[in-house]
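Undergrad: So here's my_file-v1.pdb (PDB, N, CA and C atoms and all ligand atoms).
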ATOM      1  N   MET A  98     -90.785  22.353  36.515
ATOM      2  CA  MET A  98     -89.498  23.042  36.516
ATOM      3  C   MET A  98     -89.618  24.366  37.267
ATOM      4  N   THR A  99     -88.526  24.773  37.862
ATOM      5  CA  THR A  99     -88.488  26.024  38.612
ATOM      6  C   THR A  99     -87.321  26.862  38.122
ATOM      7  N   GLY A 100     -87.529  28.137  38.058
ATOM      8  CA  GLY A 100     -86.447  29.054  37.709
ATOM      9  C   GLY A 100     -86.266  30.058  38.823
ATOM     10  N   ALA A 101     -85.103  30.627  38.906
ATOM     11  CA  ALA A 101     -84.829  31.628  39.941
ATOM     12  C   ALA A 101     -84.044  32.773  39.325
ATOM     13  N   ILE A 102     -84.233  33.945  39.853
ATOM     14  CA  ILE A 102     -83.497  35.133  39.400
ATOM     15  C   ILE A 102     -82.597  35.587  40.543
ATOM     16  N   TYR A 103     -81.336  35.779  40.263
ATOM     17  CA  TYR A 103     -80.378  36.252  41.254
ATOM     18  C   TYR A 103     -79.813  37.592  40.811
ATOM     19  N   VAL A 104     -79.348  38.375  41.780
ATOM     20  CA  VAL A 104     -78.622  39.599  41.455
ATOM     21  C   VAL A 104     -77.157  39.372  41.831
ATOM     22  N   ALA A 105     -76.249  39.730  40.919
ATOM     23  CA  ALA A 105     -74.830  39.423  41.106
ATOM     24  C   ALA A 105     -74.039  40.570  41.722
ATOM     25  N   GLY A 106     -74.666  41.738  41.844
ATOM     26  CA  GLY A 106     -73.947  42.878  42.416
ATOM     27  C   GLY A 106     -74.937  43.904  42.914
ATOM     28  N   ALA A 107     -74.423  44.898  43.619
ATOM     29  CA  ALA A 107     -75.286  45.945  44.171
ATOM     30  C   ALA A 107     -75.889  46.776  43.038
ATOM     31  N   LEU A 108     -77.148  47.121  43.176
ATOM     32  CA  LEU A 108     -77.828  47.935  42.169
ATOM     33  C   LEU A 108     -77.952  49.363  42.685
ATOM     34  N   ASP A 109     -78.024  50.312  41.769
ATOM     35  CA  ASP A 109     -78.058  51.731  42.134
ATOM     36  C   ASP A 109     -79.338  52.363  41.607
ATOM     37  N   TYR A 110     -80.170  52.813  42.522
ATOM     38  CA  TYR A 110     -81.450  53.434  42.150
ATOM     39  C   TYR A 110     -81.237  54.649  41.255
ATOM     40  N   GLU A 111     -80.178  55.435  41.535
ATOM     41  CA  GLU A 111     -79.935  56.651  40.756
ATOM     42  C   GLU A 111     -79.515  56.324  39.314
ATOM     43  N   THR A 112     -78.956  55.165  39.095
ATOM     44  CA  THR A 112     -78.554  54.760  37.744
ATOM     45  C   THR A 112     -79.717  54.134  36.982
ATOM     46  N   ARG A 113     -80.435  53.250  37.669
ATOM     47  CA  ARG A 113     -81.571  52.588  37.014
ATOM     48  C   ARG A 113     -82.616  52.216  38.061
ATOM     49  N   LYS A 114     -83.849  52.653  37.849
ATOM     50  CA  LYS A 114     -84.919  52.501  38.842
ATOM     51  C   LYS A 114     -85.741  51.232  38.636
ATOM     52  N   ARG A 115     -85.626  50.620  37.479
ATOM     53  CA  ARG A 115     -86.546  49.538  37.149
ATOM     54  C   ARG A 115     -85.899  48.601  36.132
ATOM     55  N   TYR A 116     -86.102  47.326  36.327
ATOM     56  CA  TYR A 116     -85.637  46.323  35.371
ATOM     57  C   TYR A 116     -86.845  45.524  34.896
ATOM     58  N   GLU A 117     -86.890  45.284  33.617
ATOM     59  CA  GLU A 117     -87.962  44.473  33.066
ATOM     60  C   GLU A 117     -87.327  43.284  32.350
ATOM     61  N   LEU A 118     -87.633  42.085  32.843
ATOM     62  CA  LEU A 118     -87.044  40.864  32.288
ATOM     63  C   LEU A 118     -88.135  40.056  31.600
ATOM     64  N   ARG A 119     -87.745  39.388  30.558
ATOM     65  CA  ARG A 119     -88.690  38.522  29.845
ATOM     66  C   ARG A 119     -88.256  37.080  30.094
ATOM     67  N   LEU A 120     -89.145  36.307  30.703
ATOM     68  CA  LEU A 120     -88.840  34.918  31.006
ATOM     69  C   LEU A 120     -89.476  34.013  29.973
ATOM     70  N   ALA A 121     -88.732  33.006  29.589
ATOM     71  CA  ALA A 121     -89.251  32.046  28.619
ATOM     72  C   ALA A 121     -89.312  30.656  29.256
ATOM     73  N   ALA A 122     -90.378  29.913  28.992
ATOM     74  CA  ALA A 122     -90.504  28.509  29.392
ATOM     75  C   ALA A 122     -90.682  27.696  28.119
ATOM     76  N   SER A 123     -89.909  26.619  28.016
ATOM     77  CA  SER A 123     -89.941  25.854  26.764
ATOM     78  C   SER A 123     -89.867  24.356  27.059
ATOM     79  N   ASP A 124     -90.620  23.565  26.318
ATOM     80  CA  ASP A 124     -90.516  22.095  26.430
ATOM     81  C   ASP A 124     -89.988  21.503  25.123
ATOM     82  N   ASN A 125     -89.281  22.310  24.391
ATOM     83  CA  ASN A 125     -88.695  21.960  23.092
ATOM     84  C   ASN A 125     -89.723  21.925  21.956
ATOM     85  N   LEU A 126     -90.997  21.843  22.285
ATOM     86  CA  LEU A 126     -92.029  21.883  21.251
ATOM     87  C   LEU A 126     -92.684  23.254  21.198
ATOM     88  N   LYS A 127     -93.029  23.703  22.402
ATOM     89  CA  LYS A 127     -93.698  24.991  22.485
ATOM     90  C   LYS A 127     -93.024  25.839  23.541
ATOM     91  N   GLU A 128     -93.234  27.127  23.436
ATOM     92  CA  GLU A 128     -92.700  28.012  24.474
ATOM     93  C   GLU A 128     -93.683  29.113  24.793
ATOM     94  N   ASN A 129     -93.508  29.660  25.980
ATOM     95  CA  ASN A 129     -94.372  30.747  26.415
ATOM     96  C   ASN A 129     -93.510  31.751  27.175
ATOM     97  N   TYR A 130     -94.036  32.954  27.304
ATOM     98  CA  TYR A 130     -93.252  34.036  27.905
ATOM     99  C   TYR A 130     -94.050  34.740  28.986
ATOM    100  N   THR A 131     -93.327  35.301  29.909
ATOM    101  CA  THR A 131     -93.940  36.178  30.891
ATOM    102  C   THR A 131     -92.957  37.304  31.194
ATOM    103  N   THR A 132     -93.423  38.320  31.853
ATOM    104  CA  THR A 132     -92.592  39.482  32.142
ATOM    105  C   THR A 132     -92.404  39.627  33.649
ATOM    106  N   VAL A 133     -91.191  39.908  34.059
ATOM    107  CA  VAL A 133     -90.884  40.187  35.460
ATOM    108  C   VAL A 133     -90.423  41.635  35.547
ATOM    109  N   VAL A 134     -91.086  42.410  36.361
ATOM    110  CA  VAL A 134     -90.691  43.812  36.554
ATOM    111  C   VAL A 134     -90.127  43.959  37.963
ATOM    112  N   ILE A 135     -88.913  44.453  38.073
ATOM    113  CA  ILE A 135     -88.246  44.631  39.366
ATOM    114  C   ILE A 135     -88.027  46.117  39.593
ATOM    115  N   HIS A 136     -88.616  46.640  40.662
ATOM    116  CA  HIS A 136     -88.425  48.041  41.039
ATOM    117  C   HIS A 136     -87.313  48.122  42.075
ATOM    118  N   ILE A 137     -86.356  48.992  41.866
ATOM    119  CA  ILE A 137     -85.262  49.187  42.820
ATOM    120  C   ILE A 137     -85.732  50.173  43.884
ATOM    121  N   LYS A 138     -85.581  49.796  45.146
ATOM    122  CA  LYS A 138     -86.008  50.651  46.250
ATOM    123  C   LYS A 138     -84.903  51.660  46.576
ATOM    124  N   ASP A 139     -85.276  52.919  46.640
ATOM    125  CA  ASP A 139     -84.308  53.978  46.893
ATOM    126  C   ASP A 139     -83.962  54.060  48.380
ATOM    127  N   VAL A 140     -82.683  54.251  48.684
ATOM    128  CA  VAL A 140     -82.260  54.565  50.051
ATOM    129  C   VAL A 140     -81.427  55.846  49.986
ATOM    130  N   ASN A 141     -81.287  56.519  51.104
ATOM    131  CA  ASN A 141     -80.512  57.762  51.132
ATOM    132  C   ASN A 141     -79.020  57.433  51.180
ATOM    133  N   ASP A 142     -78.355  57.476  50.021
ATOM    134  CA  ASP A 142     -76.929  57.187  49.953
ATOM    135  C   ASP A 142     -76.139  58.433  49.543
ATOM    136  N   ASN A 143     -76.755  59.603  49.731
ATOM    137  CA  ASN A 143     -76.068  60.853  49.412
ATOM    138  C   ASN A 143     -75.464  61.445  50.682
ATOM    139  N   PRO A 144     -74.380  62.203  50.568
ATOM    140  CA  PRO A 144     -73.792  62.822  51.760
ATOM    141  C   PRO A 144     -74.739  63.868  52.334
ATOM    142  N   PRO A 145     -74.687  64.097  53.654
ATOM    143  CA  PRO A 145     -75.533  65.119  54.269
ATOM    144  C   PRO A 145     -75.210  66.506  53.723
ATOM    145  N   VAL A 146     -76.204  67.383  53.755
ATOM    146  CA  VAL A 146     -76.023  68.744  53.238
ATOM    147  C   VAL A 146     -76.330  69.743  54.345
ATOM    148  N   PHE A 147     -75.438  70.720  54.552
ATOM    149  CA  PHE A 147     -75.699  71.796  55.499
ATOM    150  C   PHE A 147     -76.635  72.818  54.863
ATOM    151  N   GLU A 148     -77.367  73.544  55.703
ATOM    152  CA  GLU A 148     -78.271  74.563  55.184
ATOM    153  C   GLU A 148     -77.512  75.730  54.566
ATOM    154  N   ARG A 149     -76.311  76.014  55.082
ATOM    155  CA  ARG A 149     -75.506  77.110  54.535
ATOM    156  C   ARG A 149     -74.092  76.615  54.255
ATOM    157  N   PRO A 150     -73.379  77.200  53.286
ATOM    158  CA  PRO A 150     -72.001  76.768  53.010
ATOM    159  C   PRO A 150     -71.033  77.199  54.112
ATOM    160  N   THR A 151     -71.300  78.329  54.761
ATOM    161  CA  THR A 151     -70.418  78.844  55.813
ATOM    162  C   THR A 151     -71.263  79.395  56.959
ATOM    163  N   TYR A 152     -70.845  79.132  58.182
ATOM    164  CA  TYR A 152     -71.486  79.708  59.354
ATOM    165  C   TYR A 152     -70.463  80.612  60.037
ATOM    166  N   ARG A 153     -70.862  81.819  60.412
ATOM    167  CA  ARG A 153     -69.945  82.733  61.082
ATOM    168  C   ARG A 153     -70.522  83.135  62.435
ATOM    169  N   THR A 154     -69.639  83.282  63.412
ATOM    170  CA  THR A 154     -70.058  83.740  64.723
ATOM    171  C   THR A 154     -68.899  84.475  65.374
ATOM    172  N   GLN A 155     -69.165  85.069  66.510
ATOM    173  CA  GLN A 155     -68.141  85.855  67.185
ATOM    174  C   GLN A 155     -68.238  85.589  68.683
ATOM    175  N   ILE A 156     -67.115  85.461  69.335
ATOM    176  CA  ILE A 156     -67.064  85.241  70.774
ATOM    177  C   ILE A 156     -66.148  86.289  71.386
ATOM    178  N   THR A 157     -66.596  86.895  72.467
ATOM    179  CA  THR A 157     -65.774  87.901  73.146
ATOM    180  C   THR A 157     -64.711  87.218  74.012
ATOM    181  N   GLU A 158     -63.493  87.676  73.907
ATOM    182  CA  GLU A 158     -62.416  87.060  74.681
ATOM    183  C   GLU A 158     -62.598  87.304  76.176
ATOM    184  N   GLU A 159     -62.028  86.433  76.956
ATOM    185  CA  GLU A 159     -62.003  86.551  78.415
ATOM    186  C   GLU A 159     -63.380  86.484  79.066
ATOM    187  N   ASP A 160     -64.419  86.178  78.324
ATOM    188  CA  ASP A 160     -65.759  86.129  78.892
ATOM    189  C   ASP A 160     -66.046  84.698  79.346
ATOM    190  N   ASP A 161     -65.996  84.469  80.658
ATOM    191  CA  ASP A 161     -66.216  83.114  81.161
ATOM    192  C   ASP A 161     -67.538  82.997  81.923
ATOM    193  N   ARG A 162     -68.471  83.892  81.645
ATOM    194  CA  ARG A 162     -69.786  83.806  82.291
ATOM    195  C   ARG A 162     -70.659  82.765  81.589
ATOM    196  N   ASN A 163     -71.504  82.128  82.387
ATOM    197  CA  ASN A 163     -72.502  81.172  81.873
ATOM    198  C   ASN A 163     -71.897  80.060  81.011
ATOM    199  N   LEU A 164     -70.767  79.528  81.460
ATOM    200  CA  LEU A 164     -70.147  78.435  80.697
ATOM    201  C   LEU A 164     -70.789  77.100  81.071
ATOM    202  N   PRO A 165     -70.900  76.138  80.223
ATOM    203  CA  PRO A 165     -70.616  76.271  78.794
ATOM    204  C   PRO A 165     -71.750  77.003  78.080
ATOM    205  N   LYS A 166     -71.407  77.864  77.170
ATOM    206  CA  LYS A 166     -72.425  78.636  76.467
ATOM    207  C   LYS A 166     -72.511  78.238  75.001
ATOM    208  N   SER A 167     -73.697  78.383  74.445
ATOM    209  CA  SER A 167     -73.910  78.039  73.047
ATOM    210  C   SER A 167     -73.216  79.061  72.147
ATOM    211  N   VAL A 168     -72.468  78.590  71.195
ATOM    212  CA  VAL A 168     -71.744  79.463  70.276
ATOM    213  C   VAL A 168     -72.465  79.574  68.941
ATOM    214  N   LEU A 169     -72.968  78.447  68.473
ATOM    215  CA  LEU A 169     -73.547  78.419  67.136
ATOM    216  C   LEU A 169     -74.443  77.202  67.007
ATOM    217  N   ARG A 170     -75.499  77.339  66.233
ATOM    218  CA  ARG A 170     -76.320  76.183  65.894
ATOM    219  C   ARG A 170     -76.308  75.999  64.386
ATOM    220  N   ALA A 171     -75.945  74.826  63.967
ATOM    221  CA  ALA A 171     -75.956  74.497  62.537
ATOM    222  C   ALA A 171     -76.824  73.266  62.368
ATOM    223  N   SER A 172     -77.478  73.155  61.239
ATOM    224  CA  SER A 172     -78.312  71.974  61.028
ATOM    225  C   SER A 172     -78.053  71.362  59.667
ATOM    226  N   SER A 173     -78.247  70.072  59.625
ATOM    227  CA  SER A 173     -78.043  69.315  58.408
ATOM    228  C   SER A 173     -79.068  68.196  58.388
ATOM    229  N   ASN A 174     -79.354  67.677  57.219
ATOM    230  CA  ASN A 174     -80.365  66.620  57.112
ATOM    231  C   ASN A 174     -79.821  65.274  57.566
ATOM    232  N   SER A 175     -80.554  64.588  58.344
ATOM    233  CA  SER A 175     -80.354  63.175  58.700
ATOM    234  C   SER A 175     -78.904  62.785  58.975
ATOM    235  N   CYS A 176     -78.289  63.413  59.943
ATOM    236  CA  CYS A 176     -76.921  63.018  60.260
ATOM    237  C   CYS A 176     -76.531  63.524  61.640
ATOM    238  N   VAL A 177     -75.329  63.177  62.067
ATOM    239  CA  VAL A 177     -74.757  63.675  63.307
ATOM    240  C   VAL A 177     -73.748  64.744  62.932
ATOM    241  N   ILE A 178     -73.775  65.880  63.633
ATOM    242  CA  ILE A 178     -72.826  66.949  63.327
ATOM    243  C   ILE A 178     -71.682  66.884  64.325
ATOM    244  N   GLY A 179     -70.455  66.846  63.817
ATOM    245  CA  GLY A 179     -69.261  66.835  64.649
ATOM    246  C   GLY A 179     -68.462  68.103  64.415
ATOM    247  N   MET A 180     -67.376  68.260  65.120
ATOM    248  CA  MET A 180     -66.589  69.483  65.037
ATOM    249  C   MET A 180     -65.155  69.163  64.624
ATOM    250  N   ARG A 181     -64.638  69.929  63.656
ATOM    251  CA  ARG A 181     -63.228  69.847  63.301
ATOM    252  C   ARG A 181     -62.706  71.267  63.166
ATOM    253  N   SER A 182     -61.566  71.541  63.736
ATOM    254  CA  SER A 182     -60.997  72.874  63.601
ATOM    255  C   SER A 182     -59.959  72.884  62.489
ATOM    256  N   PHE A 183     -59.725  74.060  61.902
ATOM    257  CA  PHE A 183     -58.761  74.196  60.800
ATOM    258  C   PHE A 183     -57.551  74.964  61.264
TER     259      PHE A 183
HETATM  260 CA    CA A 201     -80.479  56.899  46.573
END
Just give me the structure as structure tokens.
TA:
Amino acid sequence: MTGAIYVAGALDYETRKRYELRLAASDNLKENYTTVVIHIKDVNDNPPVFERPTYRTQITEEDDRNLPKSVLRASSNSCVIGMRSF
């Protein structure tokens, strides 16, 4: 006889890191048990974080020298940084 274990939905490492299942084999007369330990592999599913909550800079008006010029450098972990104005 063969048994199989399936997962019916997505698992979350932050909720539970490990599952321990007890398997039973039985021929109606005797039975035996074994343990299956399943470790959930963590992936980075958290939003990126900036190093600072606010970045401030200043640009002088009417200054068109050395264009395009760097205005600000911001960094964040493992992501692409885009720009949105308010
Ligand atoms: Ca995670």
Undergrad: Mind dumping a table of every chain A residue within 6 Å of ligand CA 201 (chain A), with the nearest atom pair and its distance in Å to one decimal, using only C-alpha atoms and all ligand atoms, sorted by chain and rising number, as JSON lines?
TA:
{"residue": "A:Tyr110", "atom": "CA", "partner": "A:CA201", "partner_atom": "CA", "distance": 5.7}
{"residue": "A:Glu111", "atom": "CA", "partner": "A:CA201", "partner_atom": "CA", "distance": 5.8}
{"residue": "A:Asp139", "atom": "CA", "partner": "A:CA201", "partner_atom": "CA", "distance": 4.8}
{"residue": "A:Val140", "atom": "CA", "partner": "A:CA201", "partner_atom": "CA", "distance": 4.6}
{"residue": "A:Asn141", "atom": "CA", "partner": "A:CA201", "partner_atom": "CA", "distance": 4.6}
{"residue": "A:Asp142", "atom": "CA", "partner": "A:CA201", "partner_atom": "CA", "distance": 4.9}
Undergrad: Take the PyMOL selection byres (((chain A and resi 169-178) around 6.5) and not hetatm), apply it to the structure above, and return the hits as number ranges by chain.
TA: A: 145-148, 167-168, 179-180
Undergrad: Skipping near chain neighbours, those fewer than 6 positions away, what residues fall within 12 Å of Asn129 (chain A) using only C-alpha atoms, listed as a PyMOL selection string?
TA: chain A and resi 119-123
Undergrad: For CA of Arg162 (chain A) and CA of Ser182 (chain A), determine how far apart the two atoms are, in Å to one decimal place.
TA: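 Here the two named atoms are 23.4 Å from each other.
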Undergrad: May I ask for the distance between CA of Asp109 (chain A) and CA of Asn143 (chain A), given in Å to one decimal place?
TA: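 Between CA of Asp109 (chain A) and CA of Asn143 (chain A) the gap is 11.8 Å.
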Undergrad: Mind giving me the straight-line distance from CA of Pro150 (chain A) to CA of Pro165 (chain A) in Å, one decimal?
TA: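 Separation between CA of Pro150 (chain A) and CA of Pro165 (chain A): 25.8 Å.
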Undergrad: Could you tell me which of A:Lys127, A:Lys138, A:Thr132, A:Met98 comes closest to Lys114 (chain A) if we count only C-alpha atoms?
TA: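 Nearest to Lys114 (chain A): A:Lys138.
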Undergrad: Enumerate, as a VMD selection string, the protein, DNA and RNA residues whose atoms approach (-86.8, 49.8, 35.4) to within 8 Å, taking into account all atoms listed in the file and the coordinate frame of the file.
TA: chain A and resid 113 to 117 134 to 137
